[in-house]
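Undergrad: The structure that follows is given in the form of structure tokens.
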Amino acid sequence: MVEIDLNHIYKKYANAEEENSYAVSDFDLHIKNEEFIVFVGPSGCGKSTTLRMIAGLESITEGELKIDDELMNDVVPKDRNIAMVFQNYALYPHMSVFKNMAFGLKLRKYEKEDIEQRVKYAADILGLTEYLDRKPAALSGGQRQRVALGRAIVRDAPIFLMDEPLSNLDAKLRVSMRAEIARLHQRLHTTTIYVTHDQTEAMTMADRIVVMSMGEVQQIGTPQEVYVTPRNKFVAGFIGSPAMNFIDVTYKDGVITDTEGLKIAVPEGRAKVLEKQGYNGKKMTLGIRPEDIHAEEAFNETWPNSVVEAEVVVSELLGATSMLYSRVDGTEFVAIVDARDYHKPGEKVKLSFDINKAHFFDIETTLAIR
Amino acid sequence: MVIDQLLKMYPSAKVVTSPNWNDQLVFNYHIADKWISISKDDVDDKQNKLLNLISDHAETEIINSWWQFLNHRSSEMPLASKKIDKIKVVQFHVDDLESSEYSNQWIRAFSSFFERVVDSFWVNSEYGILILNNSEVFMEHSELVSTVQLLDEDFGTKSQVYIGQTWPLDENVPEIFKLEKRIFSQNDGDPVSNLSTDVISFMFNQSLANEKLFITLKNIITSNSEYISMIRSLYINQNNIAKTSKDLYVHRNTLLYRIDKFNRETGLNLKSMDDLVLCHLLLC
């Protein structure tokens, strides 16, 4: 049973230029036992710095880090009982896979039998049993990454920290390792914090996602929550692939328009909310995911006031679906439609915006209007 | 408290952030979490022994022939150098190593990542050297970082490594090493550094950083934290707008708008490599 509390954590580097320039600001999170948490955000957002503070590799400027209610701020890394897996996985070149996995335990003076048992268990879980006598040079990239995971597993630590562990693998291997790490988590029941800049990894692996930008937490929630109800424009744009379309519009009496000629009706329920929040006659940002823009005739007939006539600029046939990079006068957006609705560049297509699933953001604060 | 008393007893003593091991005229002691340098003229043998007893990082007299040569303490080249044309000196600083037993294992483990290791030794309990023979094929920076991470994880240490350049082995090496040592001593925490990563900030900090002109300019360009990340990212991406906007997770047009805004506010055009390098230097 391991729970982690990050209470209003701040990180400021000694050489920070400004007085209030923090690499991480007011990071506040309670991580439950056996939870799989993913920190996600663009490079430089503070996610790895936060992970390194938990590991003890970076000092905490302000705030408290507690593991099972015990204050950890000044506890040295090796006494935190945390196993880490890094993006770059070095292995001792002259040691076999077995010795690479055993080395850390040997230094910690574990009994020989215990070491053997742990290494064999980890090798079994990771499918490395037949490679135990091989040197790292004789392994593939995926196998080496598994050994790096094995080095963490043998520690039998209740907390796993993973810092972009799949970034150096090719796309195909990344997908299979992603599933492997998820399976590993289910089997080992460790409390895991996983850092990535890849929102697909975050969405597929996490129990909860922490979306970060510029050193600040933007939203904490389940993958479903951050996808369906993003707190602000940043989260809405970062989570989801391809990214959400954003169009600056003005709302007036049930209709949104933009300066480029776009005009779409807003369903009554959504219109009521906008008016109640005082946005009638005001500017805002419309956010709509590519999959919420439809080309099916049935949809167009049901929602005639949401239909726009667009020109396809670029189109990509992806098999089951097509991506239509389209524009209405000067407004550009991308739609994911059924492959049957594929259109060539230059063709006209009727597309309807599913405003019931759309998002509205305040122009100034970028917060979602709800 | 102890430090204050020592400063009273040895008026020539100085509290320093890191000891200058090159200075032959002083002894260095690590007492109460501080380094104190005392002139050798003021300390007799007995006092030195006593001070070493209360110091938790006493400097040991390194008799390693490479160390002697590198520090001008011996004009003779080490015997092992006879078949060597070029050398590379790798310096390392390791915090939190528990005991000398681990020191030996650490240096063995670290050495195993390099080919043609001529010699490896500790200078004191935290600082050591690897001498490599003409290493033509060398690890990439990211591989070196992961190597240091691996060692730190296994040994529970915090390590920093400086990879020296490859130099012809001649009488110029000690002078070159002296500067490499100074550059390494100013590393601000990167696990792996080298001449390329550190020399610009080193030179700038040595000569210009404290000039009023640069201080004022730095204050102007750091007035907005968005500018700091923009300059750093543009520099890393060699002024490539597409890569930088991807890195910063902003639209290309947003980045171009910010560059223009920065230009209006500071008169510096980040699209010009000269201006970008100047801004990067100010952030070093």
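Chain labels run A, B, ... following the order of the structure tokens; each chain numbers its residues from 1, and ligands are numbered from 1 in the order shown.
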At a cut-off of 6 Å, which residues of chain B touch chain A? Count only C-alpha atoms and give the answer as a list in words.

TA: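 Interface list for chain B against chain A: Ser146, Thr147, Asp154, Gly156 and Asp247 of chain B.
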
Undergrad: DSSP on the backbone: which residues in segment 265-370 of chain A end up as alpha helix (DSSP H)? Give the answer as a ChimeraX atom specification.

TA: /A:268-276,297-302

Undergrad: Can you spit out the residues from that selection as a CSV table (one decimal), in the first residue's frame, using all heavy atoms?

TA:
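Saved the output as part_37.csv:
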chain,number,residue,atom,x,y,z
A,268,GLU,N,-30.2,24.9,-28.8
A,268,GLU,CA,-30.9,25.6,-27.7
A,268,GLU,C,-30.1,25.5,-26.3
A,268,GLU,O,-29.9,26.5,-25.6
A,268,GLU,CB,-32.3,25.2,-27.6
A,268,GLU,CG,-33.2,26.3,-26.9
A,268,GLU,CD,-34.6,25.9,-26.8
A,268,GLU,OE1,-35.1,25.1,-27.7
A,268,GLU,OE2,-35.2,26.2,-25.8
A,269,GLY,N,-29.9,24.2,-26.0
A,269,GLY,CA,-29.2,24.0,-24.7
A,269,GLY,C,-27.9,24.7,-24.5
A,269,GLY,O,-27.6,25.3,-23.5
A,270,ARG,N,-27.1,24.6,-25.6
A,270,ARG,CA,-25.7,25.2,-25.5
A,270,ARG,C,-25.9,26.8,-25.5
A,270,ARG,O,-25.2,27.5,-24.9
A,270,ARG,CB,-24.9,24.8,-26.7
A,270,ARG,CG,-24.7,23.3,-26.9
A,270,ARG,CD,-24.0,22.7,-25.7
A,270,ARG,NE,-22.7,23.3,-25.3
A,270,ARG,CZ,-21.5,22.9,-25.8
A,270,ARG,NH1,-21.5,21.9,-26.7
A,270,ARG,NH2,-20.4,23.5,-25.4
A,271,ALA,N,-26.9,27.2,-26.3
A,271,ALA,CA,-27.1,28.7,-26.4
A,271,ALA,C,-27.5,29.3,-25.1
A,271,ALA,O,-27.0,30.3,-24.7
A,271,ALA,CB,-28.2,29.0,-27.5
A,272,LYS,N,-28.3,28.5,-24.4
A,272,LYS,CA,-28.8,29.0,-23.0
A,272,LYS,C,-27.6,29.2,-22.1
A,272,LYS,O,-27.5,30.2,-21.4
A,272,LYS,CB,-29.7,27.9,-22.4
A,272,LYS,CG,-31.2,28.3,-22.6
A,272,LYS,CD,-32.0,27.3,-21.9
A,272,LYS,CE,-33.5,27.5,-22.2
A,272,LYS,NZ,-34.3,26.4,-21.7
A,273,VAL,N,-26.7,28.2,-22.1
A,273,VAL,CA,-25.5,28.3,-21.3
A,273,VAL,C,-24.7,29.5,-21.6
A,273,VAL,O,-24.3,30.3,-20.7
A,273,VAL,CB,-24.6,27.0,-21.4
A,273,VAL,CG1,-23.3,27.1,-20.6
A,273,VAL,CG2,-25.4,25.8,-20.9
A,274,LEU,N,-24.4,29.7,-22.9
A,274,LEU,CA,-23.6,30.9,-23.3
A,274,LEU,C,-24.3,32.2,-22.9
A,274,LEU,O,-23.6,33.1,-22.4
A,274,LEU,CB,-23.4,30.8,-24.9
A,274,LEU,CG,-22.6,29.7,-25.4
A,274,LEU,CD1,-22.5,29.7,-26.9
A,274,LEU,CD2,-21.1,29.8,-24.9
A,275,GLU,N,-25.6,32.2,-23.1
A,275,GLU,CA,-26.3,33.5,-22.7
A,275,GLU,C,-26.3,33.7,-21.2
A,275,GLU,O,-26.1,34.8,-20.7
A,275,GLU,CB,-27.7,33.5,-23.3
A,275,GLU,CG,-27.7,33.7,-24.8
A,275,GLU,CD,-29.0,33.5,-25.5
A,275,GLU,OE1,-30.1,33.6,-24.8
A,275,GLU,OE2,-29.0,33.2,-26.7
A,276,LYS,N,-26.5,32.6,-20.5
A,276,LYS,CA,-26.5,32.7,-19.0
A,276,LYS,C,-25.1,33.2,-18.5
A,276,LYS,O,-25.0,33.9,-17.5
A,276,LYS,CB,-26.8,31.3,-18.4
A,276,LYS,CG,-27.2,31.3,-17.0
A,276,LYS,CD,-27.5,29.9,-16.5
A,276,LYS,CE,-27.5,29.9,-15.0
A,276,LYS,NZ,-27.5,28.5,-14.5
A,297,GLU,N,-24.7,12.4,-45.2
A,297,GLU,CA,-25.9,13.1,-45.6
A,297,GLU,C,-27.0,13.1,-44.5
A,297,GLU,O,-27.6,14.2,-44.3
A,297,GLU,CB,-26.5,12.4,-46.9
A,297,GLU,CG,-27.1,13.4,-47.8
A,297,GLU,CD,-27.3,12.9,-49.2
A,297,GLU,OE1,-26.2,12.7,-49.9
A,297,GLU,OE2,-28.4,12.5,-49.6
A,298,ALA,N,-27.1,12.0,-43.9
A,298,ALA,CA,-28.2,11.9,-42.8
A,298,ALA,C,-27.9,13.0,-41.7
A,298,ALA,O,-28.9,13.6,-41.3
A,298,ALA,CB,-28.1,10.5,-42.2
A,299,PHE,N,-26.7,13.1,-41.4
A,299,PHE,CA,-26.4,14.1,-40.3
A,299,PHE,C,-26.7,15.5,-40.9
A,299,PHE,O,-27.3,16.4,-40.2
A,299,PHE,CB,-24.9,14.0,-40.0
A,299,PHE,CG,-24.6,14.6,-38.6
A,299,PHE,CD1,-24.5,13.8,-37.5
A,299,PHE,CD2,-24.5,16.0,-38.4
A,299,PHE,CE1,-24.3,14.3,-36.2
A,299,PHE,CE2,-24.2,16.5,-37.2
A,299,PHE,CZ,-24.1,15.7,-36.1
A,300,ASN,N,-26.3,15.8,-42.1
A,300,ASN,CA,-26.5,17.1,-42.7
A,300,ASN,C,-28.0,17.4,-42.7
A,300,ASN,O,-28.5,18.6,-42.5
A,300,ASN,CB,-25.9,17.2,-44.1
A,300,ASN,CG,-24.4,17.1,-44.0
A,300,ASN,OD1,-23.8,17.3,-43.0
A,300,ASN,ND2,-23.8,16.9,-45.2
A,301,GLU,N,-28.8,16.4,-43.0
A,301,GLU,CA,-30.3,16.6,-43.1
A,301,GLU,C,-30.9,16.9,-41.8
A,301,GLU,O,-31.8,17.7,-41.6
A,301,GLU,CB,-30.9,15.4,-43.8
A,301,GLU,CG,-30.8,15.4,-45.3
A,301,GLU,CD,-31.2,14.1,-45.9
A,301,GLU,OE1,-31.8,13.2,-45.2
A,301,GLU,OE2,-30.9,13.9,-47.1
A,302,THR,N,-30.3,16.2,-40.7
A,302,THR,CA,-30.9,16.4,-39.4
A,302,THR,C,-30.6,17.8,-38.8
A,302,THR,O,-31.3,18.4,-38.1
A,302,THR,CB,-30.3,15.3,-38.5
A,302,THR,OG1,-30.4,14.0,-39.1
A,302,THR,CG2,-31.1,15.2,-37.1

Undergrad: Extract, using only C-alpha atoms, all DNA, RNA and protein residues at most 10 Å from segment 175-184 of chain A, discarding same-chain residues fewer than 5 positions from it, and format them as a PyMOL selection string.

TA: chain A and resi 36+125-126+142+145-146+149+153+165-166+169-170+189-190+200-201+204-206

Undergrad: Report as JSON, numbers by chain all protein, DNA and RNA residues lying within 6 Å of Ala339 of chain A, evaluated on only C-alpha atoms, omitting residues in the same chain fewer than 6 positions from it.

TA: {"A": [320, 321, 322]}
